[in-house]
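**Student:** Structure provided below as structure tokens; questions to follow.
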Protein chains: 2
Amino acid sequence: MGEAAHPADQQIVTAGFVVIGDEILSGRTKDRNIGYLADFLTAHGIDLAEVRIVPDETDRIVEAVRALSERYTHVFTSGGIGPTHDDITADAVAAAFGVGIDFHPEAVALLSARYGNADLTQARMRMARIPDTASLIPNSVSQAPGFKIRNVHVLAGVPSVFEAMLEALGPTLAHGTVVLSRAIDAHLPEGRVADDLRRIQNAHAGVAIGSYPQYDGKTFTTQLVIRSRDAALLDRVAAEIENALTRLRAQA
Amino acid sequence: MGEAAHPADQQIVTAGFVVIGDEILSGRTKDRNIGYLADFLTAHGIDLAEVRIVPDETDRIVEAVRALSERYTHVFTSGGIGPTHDDITADAVAAAFGVGIDFHPEAVALLSARYGNADLTQARMRMARIPDTASLIPNSVSQAPGFKIRNVHVLAGVPSVFEAMLEALGPTLAHGTVVLSRAIDAHLPEGRVADDLRRIQNAHAGVAIGSYPQYDGKTFTTQLVIRSRDAALLDRVAAEIENALTRLRAQA
């Protein structure tokens, strides 16, 4: 729906998301974290601007983390921070920023407390390897922490743990002005509303009108979504659209 | 799980996917096409190697389409080919390849047949604008076609239409050797199986062992997924893993 104009008193904060997971790319696991993060960020006034899903390969993780870290206020990653051989995210993120990686005393303490010394295997100790200069992100579900380095937040892939880490992060994140949105069911197909929508969109910077066709197997209808950081503008544009729809429905 | 070795008689065919949609990034719509495409490609022996979700902005679509088109055998896009002002995918893809865009006679004929001349509004006619040199992809649901240019397949975002276009494309795509996979429930947490998995993975090129923790709110268990294009190798590695798990469970 294009880039809306941003008055100076509105704070724009952006985010990118790197999903690390062969299992998502093969289809075996259906991702649930993208939609969750999108809702979470929208509620916090942060614009999710790009998502990349990459395989469990160091070079691909390094490339995606670097690219998104340069572009966006915040970056989040999911997956690849467990104890097994395919968990390579911490090493890849360290490589992306050219820093070392070593056992982090706080992380070792968290894992010792969880497993006790008898069950703290060498494999589990891998989860205490954290890139230099990173700070830990708490994990209220299973203790093994995530971490933050520069603007990159490295979270677990298991949805309940991902969500718990995000919850812990919430208050620490730079937030922007929340984007307000209004949904309107057009009760008409897109082709009937398109000309009026274009005219209304062109007349109003600072608002973005999205048009989403829906198909129930028989009929196409349209959900319109108006988004703006300016409540009064949102109301004005919503009223214009409602007027246009009333006129169009009378013609139908 | 890293890149497995590929014997010369195995055909590797790759794909990238660009999801175009502000509504996915805002969380308002939860994507269903990524998982569907992943399953479809896996069944056809095509490795989905990367997914990018980008907003409805020309520059971002151009960048993603170019990057993935250079890297992978096939590229697919979803979204942004309807009649409204926010449908900019066709223009963006034309720009990505530096070609013109114009009304495509076959596409005009399809839309005329669907809507009749009275209902074929200027907005709907936009759906017949196709980049030069592109060929059409049939849409058995609502006629407005997708298109293919070079290695990029431009599909609708509405899931039922996306799936119908993909079905139509299936027989035309270059396929590779199908990756076989075997899932094994470890009935043990990752930390207990990690050392044996690493040893077995290191001993076998040509197979990729993935380890996926699952959490039911109380206990962590692990699903192991073995993937290979070589059936005999898959059997051998699965047997080695089963033996190791039997031994580990006896110790538990």
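Numbering starts fresh at 1 for the residues of each chain in the structure tokens, the chains themselves are lettered A, B, ... in the order given, and ligands are numbered from 1 as they appear.
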Could you please write out, as JSON, numbers by chain, every residue of segment 31-133 of chain A that DSSP assigns to helix (DSSP H, G or I)?

**Tutor:** {"A": [33, 34, 35, 36, 37, 38, 39, 40, 41, 42, 43, 58, 59, 60, 61, 62, 63, 64, 65, 66, 67, 68, 69, 70, 71, 89, 90, 91, 92, 93, 94, 95, 96, 105, 106, 107, 108, 109, 110, 111, 112, 113, 114, 115, 116, 117, 118, 119, 122, 123, 124, 125, 126, 127, 128]}

**Student:** May I have a table of the residues of chain B lying at most 6 Å from chain A, giving each one's closest pair of atoms and their distance in Å to one decimal, counting only C-alpha atoms, ordered by chain and ascending residue number, as JSON lines?

**Tutor:**
```
{"residue": "B:Met1", "atom": "CA", "partner": "A:Asp86", "partner_atom": "CA", "distance": 4.6}
{"residue": "B:Gly2", "atom": "CA", "partner": "A:Glu57", "partner_atom": "CA", "distance": 5.3}
{"residue": "B:Leu25", "atom": "CA", "partner": "A:Leu48", "partner_atom": "CA", "distance": 5.6}
{"residue": "B:Ser26", "atom": "CA", "partner": "A:Ala38", "partner_atom": "CA", "distance": 5.4}
{"residue": "B:Gly27", "atom": "CA", "partner": "A:Ala38", "partner_atom": "CA", "distance": 4.5}
{"residue": "B:Lys30", "atom": "CA", "partner": "A:Gly35", "partner_atom": "CA", "distance": 5.6}
{"residue": "B:Gly35", "atom": "CA", "partner": "A:Gly27", "partner_atom": "CA", "distance": 5.4}
{"residue": "B:Ala38", "atom": "CA", "partner": "A:Gly27", "partner_atom": "CA", "distance": 4.5}
{"residue": "B:Asp39", "atom": "CA", "partner": "A:Gly27", "partner_atom": "CA", "distance": 4.8}
{"residue": "B:Leu48", "atom": "CA", "partner": "A:Leu25", "partner_atom": "CA", "distance": 5.6}
{"residue": "B:Glu50", "atom": "CA", "partner": "A:Val54", "partner_atom": "CA", "distance": 5.2}
{"residue": "B:Val51", "atom": "CA", "partner": "A:Ile53", "partner_atom": "CA", "distance": 4.9}
{"residue": "B:Arg52", "atom": "CA", "partner": "A:Arg52", "partner_atom": "CA", "distance": 4.5}
{"residue": "B:Ile53", "atom": "CA", "partner": "A:Val51", "partner_atom": "CA", "distance": 4.9}
{"residue": "B:Val54", "atom": "CA", "partner": "A:Glu50", "partner_atom": "CA", "distance": 5.2}
{"residue": "B:Asp56", "atom": "CA", "partner": "A:Met1", "partner_atom": "CA", "distance": 5.3}
{"residue": "B:Glu57", "atom": "CA", "partner": "A:Gly2", "partner_atom": "CA", "distance": 5.3}
{"residue": "B:Pro83", "atom": "CA", "partner": "A:Gly191", "partner_atom": "CA", "distance": 5.8}
{"residue": "B:Thr84", "atom": "CA", "partner": "A:Ala194", "partner_atom": "CA", "distance": 4.8}
{"residue": "B:His85", "atom": "CA", "partner": "A:Arg198", "partner_atom": "CA", "distance": 5.4}
{"residue": "B:Asp86", "atom": "CA", "partner": "A:Met1", "partner_atom": "CA", "distance": 4.5}
{"residue": "B:Ala123", "atom": "CA", "partner": "A:Gly191", "partner_atom": "CA", "distance": 5.8}
{"residue": "B:Arg124", "atom": "CA", "partner": "A:Gly191", "partner_atom": "CA", "distance": 5.2}
{"residue": "B:Gly191", "atom": "CA", "partner": "A:Arg124", "partner_atom": "CA", "distance": 5.2}
{"residue": "B:Ala194", "atom": "CA", "partner": "A:Thr84", "partner_atom": "CA", "distance": 4.8}
{"residue": "B:Arg198", "atom": "CA", "partner": "A:His85", "partner_atom": "CA", "distance": 5.4}
```

**Student:** Near Asp59 of chain B, within 8 Å and counting only C-alpha atoms, which residues show up once chain neighbours fewer than 3 positions away are dropped, as a list in words?

**Tutor:**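 Residues meeting the cut-off are Val62, Glu63 and Ala92 of chain B.
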
**Student:** How would chain A read as a PDB file with C-alpha atoms, in the first residue's frame after a least-squares superposition onto chain B over every Cα atom, matched in order?

**Tutor:**
```
ATOM      1  CA  MET A   1      21.344 -29.080   9.505  1.00  0.00           C
ATOM      2  CA  GLY A   2      24.005 -28.047   7.033  1.00  0.00           C
ATOM      3  CA  GLU A   3      24.577 -28.789   3.383  1.00  0.00           C
ATOM      4  CA  ALA A   4      24.682 -32.496   2.505  1.00  0.00           C
ATOM      5  CA  ALA A   5      27.005 -33.770  -0.224  1.00  0.00           C
ATOM      6  CA  HIS A   6      25.348 -34.301  -3.606  1.00  0.00           C
ATOM      7  CA  PRO A   7      26.485 -37.204  -5.816  1.00  0.00           C
ATOM      8  CA  ALA A   8      26.588 -36.366  -9.501  1.00  0.00           C
ATOM      9  CA  ASP A   9      23.541 -38.440 -10.432  1.00  0.00           C
ATOM     10  CA  GLN A  10      21.308 -36.393  -8.148  1.00  0.00           C
ATOM     11  CA  GLN A  11      19.661 -33.352  -9.622  1.00  0.00           C
ATOM     12  CA  ILE A  12      19.529 -30.318  -7.304  1.00  0.00           C
ATOM     13  CA  VAL A  13      16.825 -27.803  -8.175  1.00  0.00           C
ATOM     14  CA  THR A  14      16.310 -24.805  -5.906  1.00  0.00           C
ATOM     15  CA  ALA A  15      13.645 -22.166  -5.357  1.00  0.00           C
ATOM     16  CA  GLY A  16      13.132 -18.809  -3.661  1.00  0.00           C
ATOM     17  CA  PHE A  17       9.808 -17.281  -2.617  1.00  0.00           C
ATOM     18  CA  VAL A  18       8.935 -13.579  -2.334  1.00  0.00           C
ATOM     19  CA  VAL A  19       5.777 -12.912  -0.311  1.00  0.00           C
ATOM     20  CA  ILE A  20       4.490  -9.426  -1.118  1.00  0.00           C
ATOM     21  CA  GLY A  21       2.202  -8.150   1.560  1.00  0.00           C
ATOM     22  CA  ASP A  22       1.880  -5.342   4.078  1.00  0.00           C
ATOM     23  CA  GLU A  23      -0.954  -7.345   5.619  1.00  0.00           C
ATOM     24  CA  ILE A  24       1.388 -10.217   6.530  1.00  0.00           C
ATOM     25  CA  LEU A  25       3.983  -7.854   8.004  1.00  0.00           C
ATOM     26  CA  SER A  26       1.363  -6.023  10.084  1.00  0.00           C
ATOM     27  CA  GLY A  27       0.029  -9.334  11.414  1.00  0.00           C
ATOM     28  CA  ARG A  28      -3.514  -8.705  10.164  1.00  0.00           C
ATOM     29  CA  THR A  29      -3.307 -11.676   7.793  1.00  0.00           C
ATOM     30  CA  LYS A  30      -1.505 -14.872   8.784  1.00  0.00           C
ATOM     31  CA  ASP A  31       0.355 -16.289   5.791  1.00  0.00           C
ATOM     32  CA  ARG A  32      -0.743 -19.700   4.552  1.00  0.00           C
ATOM     33  CA  ASN A  33       1.151 -19.798   1.265  1.00  0.00           C
ATOM     34  CA  ILE A  34       4.674 -20.386   2.639  1.00  0.00           C
ATOM     35  CA  GLY A  35       3.831 -23.735   4.219  1.00  0.00           C
ATOM     36  CA  TYR A  36       1.802 -24.775   1.191  1.00  0.00           C
ATOM     37  CA  LEU A  37       4.577 -23.916  -1.261  1.00  0.00           C
ATOM     38  CA  ALA A  38       7.175 -25.636   0.946  1.00  0.00           C
ATOM     39  CA  ASP A  39       5.180 -28.889   0.893  1.00  0.00           C
ATOM     40  CA  PHE A  40       4.509 -28.589  -2.844  1.00  0.00           C
ATOM     41  CA  LEU A  41       8.171 -28.044  -3.711  1.00  0.00           C
ATOM     42  CA  THR A  42       9.430 -30.799  -1.409  1.00  0.00           C
ATOM     43  CA  ALA A  43       7.020 -33.224  -3.113  1.00  0.00           C
ATOM     44  CA  HIS A  44       8.437 -32.149  -6.495  1.00  0.00           C
ATOM     45  CA  GLY A  45      12.083 -32.543  -5.497  1.00  0.00           C
ATOM     46  CA  ILE A  46      12.697 -28.794  -5.419  1.00  0.00           C
ATOM     47  CA  ASP A  47      14.590 -27.305  -2.447  1.00  0.00           C
ATOM     48  CA  LEU A  48      12.972 -24.141  -1.101  1.00  0.00           C
ATOM     49  CA  ALA A  49      16.148 -22.300  -0.138  1.00  0.00           C
ATOM     50  CA  GLU A  50      14.926 -18.857   0.952  1.00  0.00           C
ATOM     51  CA  VAL A  51      11.754 -16.890   1.619  1.00  0.00           C
ATOM     52  CA  ARG A  52      11.503 -13.111   1.871  1.00  0.00           C
ATOM     53  CA  ILE A  53       8.417 -11.239   3.010  1.00  0.00           C
ATOM     54  CA  VAL A  54       8.500  -7.637   1.766  1.00  0.00           C
ATOM     55  CA  PRO A  55       6.047  -4.727   1.894  1.00  0.00           C
ATOM     56  CA  ASP A  56       3.977  -3.379  -1.007  1.00  0.00           C
ATOM     57  CA  GLU A  57       6.793  -1.072  -2.126  1.00  0.00           C
ATOM     58  CA  THR A  58       8.267  -1.169  -5.613  1.00  0.00           C
ATOM     59  CA  ASP A  59      11.922  -0.862  -4.605  1.00  0.00           C
ATOM     60  CA  ARG A  60      11.660  -3.651  -2.077  1.00  0.00           C
ATOM     61  CA  ILE A  61       9.921  -6.000  -4.514  1.00  0.00           C
ATOM     62  CA  VAL A  62      12.464  -5.229  -7.253  1.00  0.00           C
ATOM     63  CA  GLU A  63      15.377  -5.927  -4.913  1.00  0.00           C
ATOM     64  CA  ALA A  64      13.997  -9.222  -3.611  1.00  0.00           C
ATOM     65  CA  VAL A  65      12.964 -10.532  -7.038  1.00  0.00           C
ATOM     66  CA  ARG A  66      16.356  -9.715  -8.546  1.00  0.00           C
ATOM     67  CA  ALA A  67      18.322 -11.227  -5.663  1.00  0.00           C
ATOM     68  CA  LEU A  68      16.390 -14.487  -5.622  1.00  0.00           C
ATOM     69  CA  SER A  69      16.181 -14.741  -9.420  1.00  0.00           C
ATOM     70  CA  GLU A  70      19.984 -14.690  -9.643  1.00  0.00           C
ATOM     71  CA  ARG A  71      20.389 -17.324  -6.967  1.00  0.00           C
ATOM     72  CA  TYR A  72      17.792 -20.012  -7.483  1.00  0.00           C
ATOM     73  CA  THR A  73      16.454 -22.207 -10.280  1.00  0.00           C
ATOM     74  CA  HIS A  74      12.888 -21.018  -9.713  1.00  0.00           C
ATOM     75  CA  VAL A  75      11.380 -17.988  -8.001  1.00  0.00           C
ATOM     76  CA  PHE A  76       7.748 -17.650  -6.934  1.00  0.00           C
ATOM     77  CA  THR A  77       5.955 -14.527  -5.764  1.00  0.00           C
ATOM     78  CA  SER A  78       2.570 -14.176  -4.071  1.00  0.00           C
ATOM     79  CA  GLY A  79       0.327 -11.141  -3.851  1.00  0.00           C
ATOM     80  CA  GLY A  80      -0.219  -7.769  -5.465  1.00  0.00           C
ATOM     81  CA  ILE A  81      -1.682  -8.741  -8.845  1.00  0.00           C
ATOM     82  CA  GLY A  82      -5.282  -7.579  -8.332  1.00  0.00           C
ATOM     83  CA  PRO A  83      -7.090  -4.481  -9.659  1.00  0.00           C
ATOM     84  CA  THR A  84      -6.456  -1.972  -6.839  1.00  0.00           C
ATOM     85  CA  HIS A  85      -3.893   0.820  -6.352  1.00  0.00           C
ATOM     86  CA  ASP A  86      -1.849  -1.323  -3.946  1.00  0.00           C
ATOM     87  CA  ASP A  87      -1.374  -4.063  -6.563  1.00  0.00           C
ATOM     88  CA  ILE A  88       2.051  -3.148  -7.912  1.00  0.00           C
ATOM     89  CA  THR A  89       3.722  -6.517  -8.390  1.00  0.00           C
ATOM     90  CA  ALA A  90       3.484  -6.695 -12.214  1.00  0.00           C
ATOM     91  CA  ASP A  91       5.038  -3.241 -12.601  1.00  0.00           C
ATOM     92  CA  ALA A  92       7.718  -4.042 -10.038  1.00  0.00           C
ATOM     93  CA  VAL A  93       8.666  -7.310 -11.742  1.00  0.00           C
ATOM     94  CA  ALA A  94       8.833  -5.555 -15.124  1.00  0.00           C
ATOM     95  CA  ALA A  95      11.113  -2.959 -13.529  1.00  0.00           C
ATOM     96  CA  ALA A  96      13.254  -5.687 -11.948  1.00  0.00           C
ATOM     97  CA  PHE A  97      14.069  -7.045 -15.409  1.00  0.00           C
ATOM     98  CA  GLY A  98      14.072  -3.698 -17.266  1.00  0.00           C
ATOM     99  CA  VAL A  99      11.228  -4.638 -19.606  1.00  0.00           C
ATOM    100  CA  GLY A 100       8.043  -2.765 -20.534  1.00  0.00           C
ATOM    101  CA  ILE A 101       4.532  -3.667 -19.449  1.00  0.00           C
ATOM    102  CA  ASP A 102       1.338  -3.524 -21.470  1.00  0.00           C
ATOM    103  CA  PHE A 103      -2.079  -5.100 -21.951  1.00  0.00           C
ATOM    104  CA  HIS A 104      -1.611  -8.735 -22.934  1.00  0.00           C
ATOM    105  CA  PRO A 105      -4.180  -9.800 -25.592  1.00  0.00           C
ATOM    106  CA  GLU A 106      -4.773 -13.252 -24.079  1.00  0.00           C
ATOM    107  CA  ALA A 107      -5.218 -11.773 -20.622  1.00  0.00           C
ATOM    108  CA  VAL A 108      -7.666  -9.170 -21.967  1.00  0.00           C
ATOM    109  CA  ALA A 109      -9.626 -11.966 -23.636  1.00  0.00           C
ATOM    110  CA  LEU A 110      -9.765 -13.969 -20.384  1.00  0.00           C
ATOM    111  CA  LEU A 111     -11.058 -10.969 -18.437  1.00  0.00           C
ATOM    112  CA  SER A 112     -13.569 -10.025 -21.167  1.00  0.00           C
ATOM    113  CA  ALA A 113     -14.918 -13.554 -21.080  1.00  0.00           C
ATOM    114  CA  ARG A 114     -15.251 -13.433 -17.314  1.00  0.00           C
ATOM    115  CA  TYR A 115     -16.712  -9.955 -16.808  1.00  0.00           C
ATOM    116  CA  GLY A 116     -18.330  -9.088 -20.133  1.00  0.00           C
ATOM    117  CA  ASN A 117     -17.660  -5.666 -21.571  1.00  0.00           C
ATOM    118  CA  ALA A 118     -20.054  -3.853 -19.216  1.00  0.00           C
ATOM    119  CA  ASP A 119     -18.260  -4.991 -16.038  1.00  0.00           C
ATOM    120  CA  LEU A 120     -14.724  -4.911 -17.398  1.00  0.00           C
ATOM    121  CA  THR A 121     -13.829  -1.690 -15.595  1.00  0.00           C
ATOM    122  CA  GLN A 122     -10.598   0.185 -16.072  1.00  0.00           C
ATOM    123  CA  ALA A 123      -9.514  -1.165 -12.681  1.00  0.00           C
ATOM    124  CA  ARG A 124     -10.132  -4.770 -13.719  1.00  0.00           C
ATOM    125  CA  MET A 125      -8.300  -4.166 -16.990  1.00  0.00           C
ATOM    126  CA  ARG A 126      -5.193  -3.517 -14.891  1.00  0.00           C
ATOM    127  CA  MET A 127      -5.082  -7.250 -14.267  1.00  0.00           C
ATOM    128  CA  ALA A 128      -4.360  -7.743 -17.987  1.00  0.00           C
ATOM    129  CA  ARG A 129      -1.171  -5.657 -17.770  1.00  0.00           C
ATOM    130  CA  ILE A 130       1.674  -8.162 -18.139  1.00  0.00           C
ATOM    131  CA  PRO A 131       5.411  -7.507 -18.490  1.00  0.00           C
ATOM    132  CA  ASP A 132       6.787  -7.864 -22.036  1.00  0.00           C
ATOM    133  CA  THR A 133       8.086 -11.376 -22.899  1.00  0.00           C
ATOM    134  CA  ALA A 134       6.141 -12.962 -20.003  1.00  0.00           C
ATOM    135  CA  SER A 135       3.881 -15.971 -20.554  1.00  0.00           C
ATOM    136  CA  LEU A 136       0.578 -16.381 -18.701  1.00  0.00           C
ATOM    137  CA  ILE A 137      -0.119 -18.760 -15.829  1.00  0.00           C
ATOM    138  CA  PRO A 138      -3.725 -20.016 -15.818  1.00  0.00           C
ATOM    139  CA  ASN A 139      -6.089 -19.224 -12.932  1.00  0.00           C
ATOM    140  CA  SER A 140      -8.866 -21.805 -12.790  1.00  0.00           C
ATOM    141  CA  VAL A 141     -10.590 -20.007  -9.911  1.00  0.00           C
ATOM    142  CA  SER A 142     -11.117 -16.447 -11.133  1.00  0.00           C
ATOM    143  CA  GLN A 143      -9.432 -16.267 -14.579  1.00  0.00           C
ATOM    144  CA  ALA A 144      -7.212 -13.205 -13.982  1.00  0.00           C
ATOM    145  CA  PRO A 145      -3.876 -14.847 -14.838  1.00  0.00           C
ATOM    146  CA  GLY A 146      -0.498 -14.948 -13.182  1.00  0.00           C
ATOM    147  CA  PHE A 147       2.595 -14.825 -15.355  1.00  0.00           C
ATOM    148  CA  LYS A 148       6.092 -16.179 -15.774  1.00  0.00           C
ATOM    149  CA  ILE A 149       9.056 -14.070 -16.833  1.00  0.00           C
ATOM    150  CA  ARG A 150      12.535 -15.640 -16.953  1.00  0.00           C
ATOM    151  CA  ASN A 151      12.623 -17.915 -13.901  1.00  0.00           C
ATOM    152  CA  VAL A 152      10.077 -15.902 -11.893  1.00  0.00           C
ATOM    153  CA  HIS A 153       6.485 -17.120 -11.426  1.00  0.00           C
ATOM    154  CA  VAL A 154       4.112 -14.373 -10.305  1.00  0.00           C
ATOM    155  CA  LEU A 155       1.088 -15.800  -8.477  1.00  0.00           C
ATOM    156  CA  ALA A 156      -1.939 -14.421  -6.633  1.00  0.00           C
ATOM    157  CA  GLY A 157      -1.943 -14.001  -2.844  1.00  0.00           C
ATOM    158  CA  VAL A 158      -5.419 -15.400  -2.123  1.00  0.00           C
ATOM    159  CA  PRO A 159      -4.554 -18.958  -1.010  1.00  0.00           C
ATOM    160  CA  SER A 160      -7.124 -20.810  -3.170  1.00  0.00           C
ATOM    161  CA  VAL A 161      -5.936 -18.939  -6.270  1.00  0.00           C
ATOM    162  CA  PHE A 162      -2.261 -19.309  -5.321  1.00  0.00           C
ATOM    163  CA  GLU A 163      -2.763 -23.058  -4.978  1.00  0.00           C
ATOM    164  CA  ALA A 164      -4.659 -23.368  -8.281  1.00  0.00           C
ATOM    165  CA  MET A 165      -1.910 -21.501 -10.142  1.00  0.00           C
ATOM    166  CA  LEU A 166       0.752 -23.684  -8.545  1.00  0.00           C
ATOM    167  CA  GLU A 167      -1.156 -26.796  -9.557  1.00  0.00           C
ATOM    168  CA  ALA A 168      -1.241 -25.545 -13.153  1.00  0.00           C
ATOM    169  CA  LEU A 169       2.500 -24.865 -13.032  1.00  0.00           C
ATOM    170  CA  GLY A 170       3.518 -28.207 -11.533  1.00  0.00           C
ATOM    171  CA  PRO A 171       4.084 -30.201 -14.745  1.00  0.00           C
ATOM    172  CA  THR A 172       6.072 -27.334 -16.341  1.00  0.00           C
ATOM    173  CA  LEU A 173       8.666 -26.956 -13.582  1.00  0.00           C
ATOM    174  CA  ALA A 174      12.134 -28.459 -13.690  1.00  0.00           C
ATOM    175  CA  HIS A 175      12.114 -31.028 -10.888  1.00  0.00           C
ATOM    176  CA  GLY A 176      15.019 -32.511  -8.973  1.00  0.00           C
ATOM    177  CA  THR A 177      15.641 -35.760  -7.159  1.00  0.00           C
ATOM    178  CA  VAL A 178      13.110 -35.896  -4.343  1.00  0.00           C
ATOM    179  CA  VAL A 179      14.594 -35.620  -0.865  1.00  0.00           C
ATOM    180  CA  LEU A 180      13.480 -38.574   1.238  1.00  0.00           C
ATOM    181  CA  SER A 181      12.877 -38.011   4.906  1.00  0.00           C
ATOM    182  CA  ARG A 182      12.269 -40.080   7.985  1.00  0.00           C
ATOM    183  CA  ALA A 183      10.984 -38.724  11.290  1.00  0.00           C
ATOM    184  CA  ILE A 184      11.840 -40.385  14.592  1.00  0.00           C
ATOM    185  CA  ASP A 185      10.415 -39.384  17.960  1.00  0.00           C
ATOM    186  CA  ALA A 186      13.349 -39.529  20.328  1.00  0.00           C
ATOM    187  CA  HIS A 187      11.241 -39.602  23.522  1.00  0.00           C
ATOM    188  CA  LEU A 188      14.215 -37.888  25.137  1.00  0.00           C
ATOM    189  CA  PRO A 189      15.176 -34.234  25.474  1.00  0.00           C
ATOM    190  CA  GLU A 190      17.669 -32.803  22.968  1.00  0.00           C
ATOM    191  CA  GLY A 191      20.432 -32.524  25.554  1.00  0.00           C
ATOM    192  CA  ARG A 192      20.425 -36.311  26.011  1.00  0.00           C
ATOM    193  CA  VAL A 193      20.655 -37.213  22.334  1.00  0.00           C
ATOM    194  CA  ALA A 194      22.942 -34.441  21.103  1.00  0.00           C
ATOM    195  CA  ASP A 195      26.323 -36.168  21.460  1.00  0.00           C
ATOM    196  CA  ASP A 196      25.271 -39.309  19.566  1.00  0.00           C
ATOM    197  CA  LEU A 197      23.539 -37.290  16.857  1.00  0.00           C
ATOM    198  CA  ARG A 198      26.642 -35.221  16.258  1.00  0.00           C
ATOM    199  CA  ARG A 199      28.791 -38.342  15.957  1.00  0.00           C
ATOM    200  CA  ILE A 200      26.360 -39.971  13.513  1.00  0.00           C
ATOM    201  CA  GLN A 201      25.975 -36.777  11.460  1.00  0.00           C
ATOM    202  CA  ASN A 202      29.754 -36.341  11.200  1.00  0.00           C
ATOM    203  CA  ALA A 203      30.140 -39.924   9.957  1.00  0.00           C
ATOM    204  CA  HIS A 204      27.706 -39.529   7.050  1.00  0.00           C
ATOM    205  CA  ALA A 205      27.895 -37.002   4.257  1.00  0.00           C
ATOM    206  CA  GLY A 206      24.841 -37.068   2.003  1.00  0.00           C
ATOM    207  CA  VAL A 207      22.415 -37.104   4.889  1.00  0.00           C
ATOM    208  CA  ALA A 208      21.196 -34.231   7.033  1.00  0.00           C
ATOM    209  CA  ILE A 209      19.958 -34.890  10.551  1.00  0.00           C
ATOM    210  CA  GLY A 210      17.692 -32.228  12.019  1.00  0.00           C
ATOM    211  CA  SER A 211      16.763 -32.093  15.687  1.00  0.00           C
ATOM    212  CA  TYR A 212      13.575 -30.252  16.664  1.00  0.00           C
ATOM    213  CA  PRO A 213      12.655 -29.732  20.288  1.00  0.00           C
ATOM    214  CA  GLN A 214       8.985 -29.804  21.159  1.00  0.00           C
ATOM    215  CA  TYR A 215       7.410 -28.522  24.334  1.00  0.00           C
ATOM    216  CA  ASP A 216       3.951 -29.486  25.557  1.00  0.00           C
ATOM    217  CA  GLY A 217       3.932 -27.024  28.461  1.00  0.00           C
ATOM    218  CA  LYS A 218       5.572 -29.573  30.807  1.00  0.00           C
ATOM    219  CA  THR A 219       8.190 -31.708  29.088  1.00  0.00           C
ATOM    220  CA  PHE A 220      10.647 -31.196  26.257  1.00  0.00           C
ATOM    221  CA  THR A 221      10.913 -34.011  23.745  1.00  0.00           C
ATOM    222  CA  THR A 222      12.697 -34.151  20.402  1.00  0.00           C
ATOM    223  CA  GLN A 223      11.650 -34.955  16.901  1.00  0.00           C
ATOM    224  CA  LEU A 224      14.543 -36.092  14.726  1.00  0.00           C
ATOM    225  CA  VAL A 225      14.271 -35.743  10.972  1.00  0.00           C
ATOM    226  CA  ILE A 226      16.717 -37.510   8.677  1.00  0.00           C
ATOM    227  CA  ARG A 227      16.805 -36.243   5.102  1.00  0.00           C
ATOM    228  CA  SER A 228      18.679 -37.648   2.110  1.00  0.00           C
ATOM    229  CA  ARG A 229      18.276 -38.234  -1.606  1.00  0.00           C
ATOM    230  CA  ASP A 230      19.799 -41.733  -1.105  1.00  0.00           C
ATOM    231  CA  ALA A 231      17.271 -44.298   0.212  1.00  0.00           C
ATOM    232  CA  ALA A 232      19.840 -46.904   1.320  1.00  0.00           C
ATOM    233  CA  LEU A 233      21.876 -44.305   3.194  1.00  0.00           C
ATOM    234  CA  LEU A 234      18.712 -43.016   4.847  1.00  0.00           C
ATOM    235  CA  ASP A 235      17.931 -46.540   6.098  1.00  0.00           C
ATOM    236  CA  ARG A 236      21.463 -47.055   7.462  1.00  0.00           C
ATOM    237  CA  VAL A 237      21.502 -43.755   9.328  1.00  0.00           C
ATOM    238  CA  ALA A 238      17.978 -44.283  10.694  1.00  0.00           C
ATOM    239  CA  ALA A 239      19.083 -47.698  12.066  1.00  0.00           C
ATOM    240  CA  GLU A 240      22.154 -46.151  13.714  1.00  0.00           C
ATOM    241  CA  ILE A 241      20.016 -43.502  15.349  1.00  0.00           C
ATOM    242  CA  GLU A 242      17.445 -46.037  16.567  1.00  0.00           C
ATOM    243  CA  ASN A 243      20.256 -48.102  18.133  1.00  0.00           C
ATOM    244  CA  ALA A 244      21.671 -45.057  19.873  1.00  0.00           C
ATOM    245  CA  LEU A 245      18.220 -44.069  21.167  1.00  0.00           C
ATOM    246  CA  THR A 246      17.580 -47.576  22.532  1.00  0.00           C
ATOM    247  CA  ARG A 247      20.858 -47.395  24.439  1.00  0.00           C
ATOM    248  CA  LEU A 248      20.138 -43.876  25.742  1.00  0.00           C
ATOM    249  CA  ARG A 249      16.602 -44.763  26.868  1.00  0.00           C
ATOM    250  CA  ALA A 250      17.961 -47.726  28.826  1.00  0.00           C
ATOM    251  CA  GLN A 251      20.252 -45.305  30.673  1.00  0.00           C
ATOM    252  CA  ALA A 252      17.464 -42.819  31.410  1.00  0.00           C
TER     253      ALA A 252
END
```

**Student:** Identify all residues of segment 2-183 of chain A in strand (DSSP E or B) (DSSP on the backbone) and supply them as JSON, numbers by chain.

**Tutor:** {"A": [13, 14, 15, 16, 17, 18, 19, 20, 46, 47, 48, 49, 50, 51, 52, 53, 54, 74, 75, 76, 77, 78, 101, 102, 103, 129, 130, 131, 135, 136, 137, 146, 147, 148, 149, 152, 153, 154, 155, 180, 181, 182, 183]}
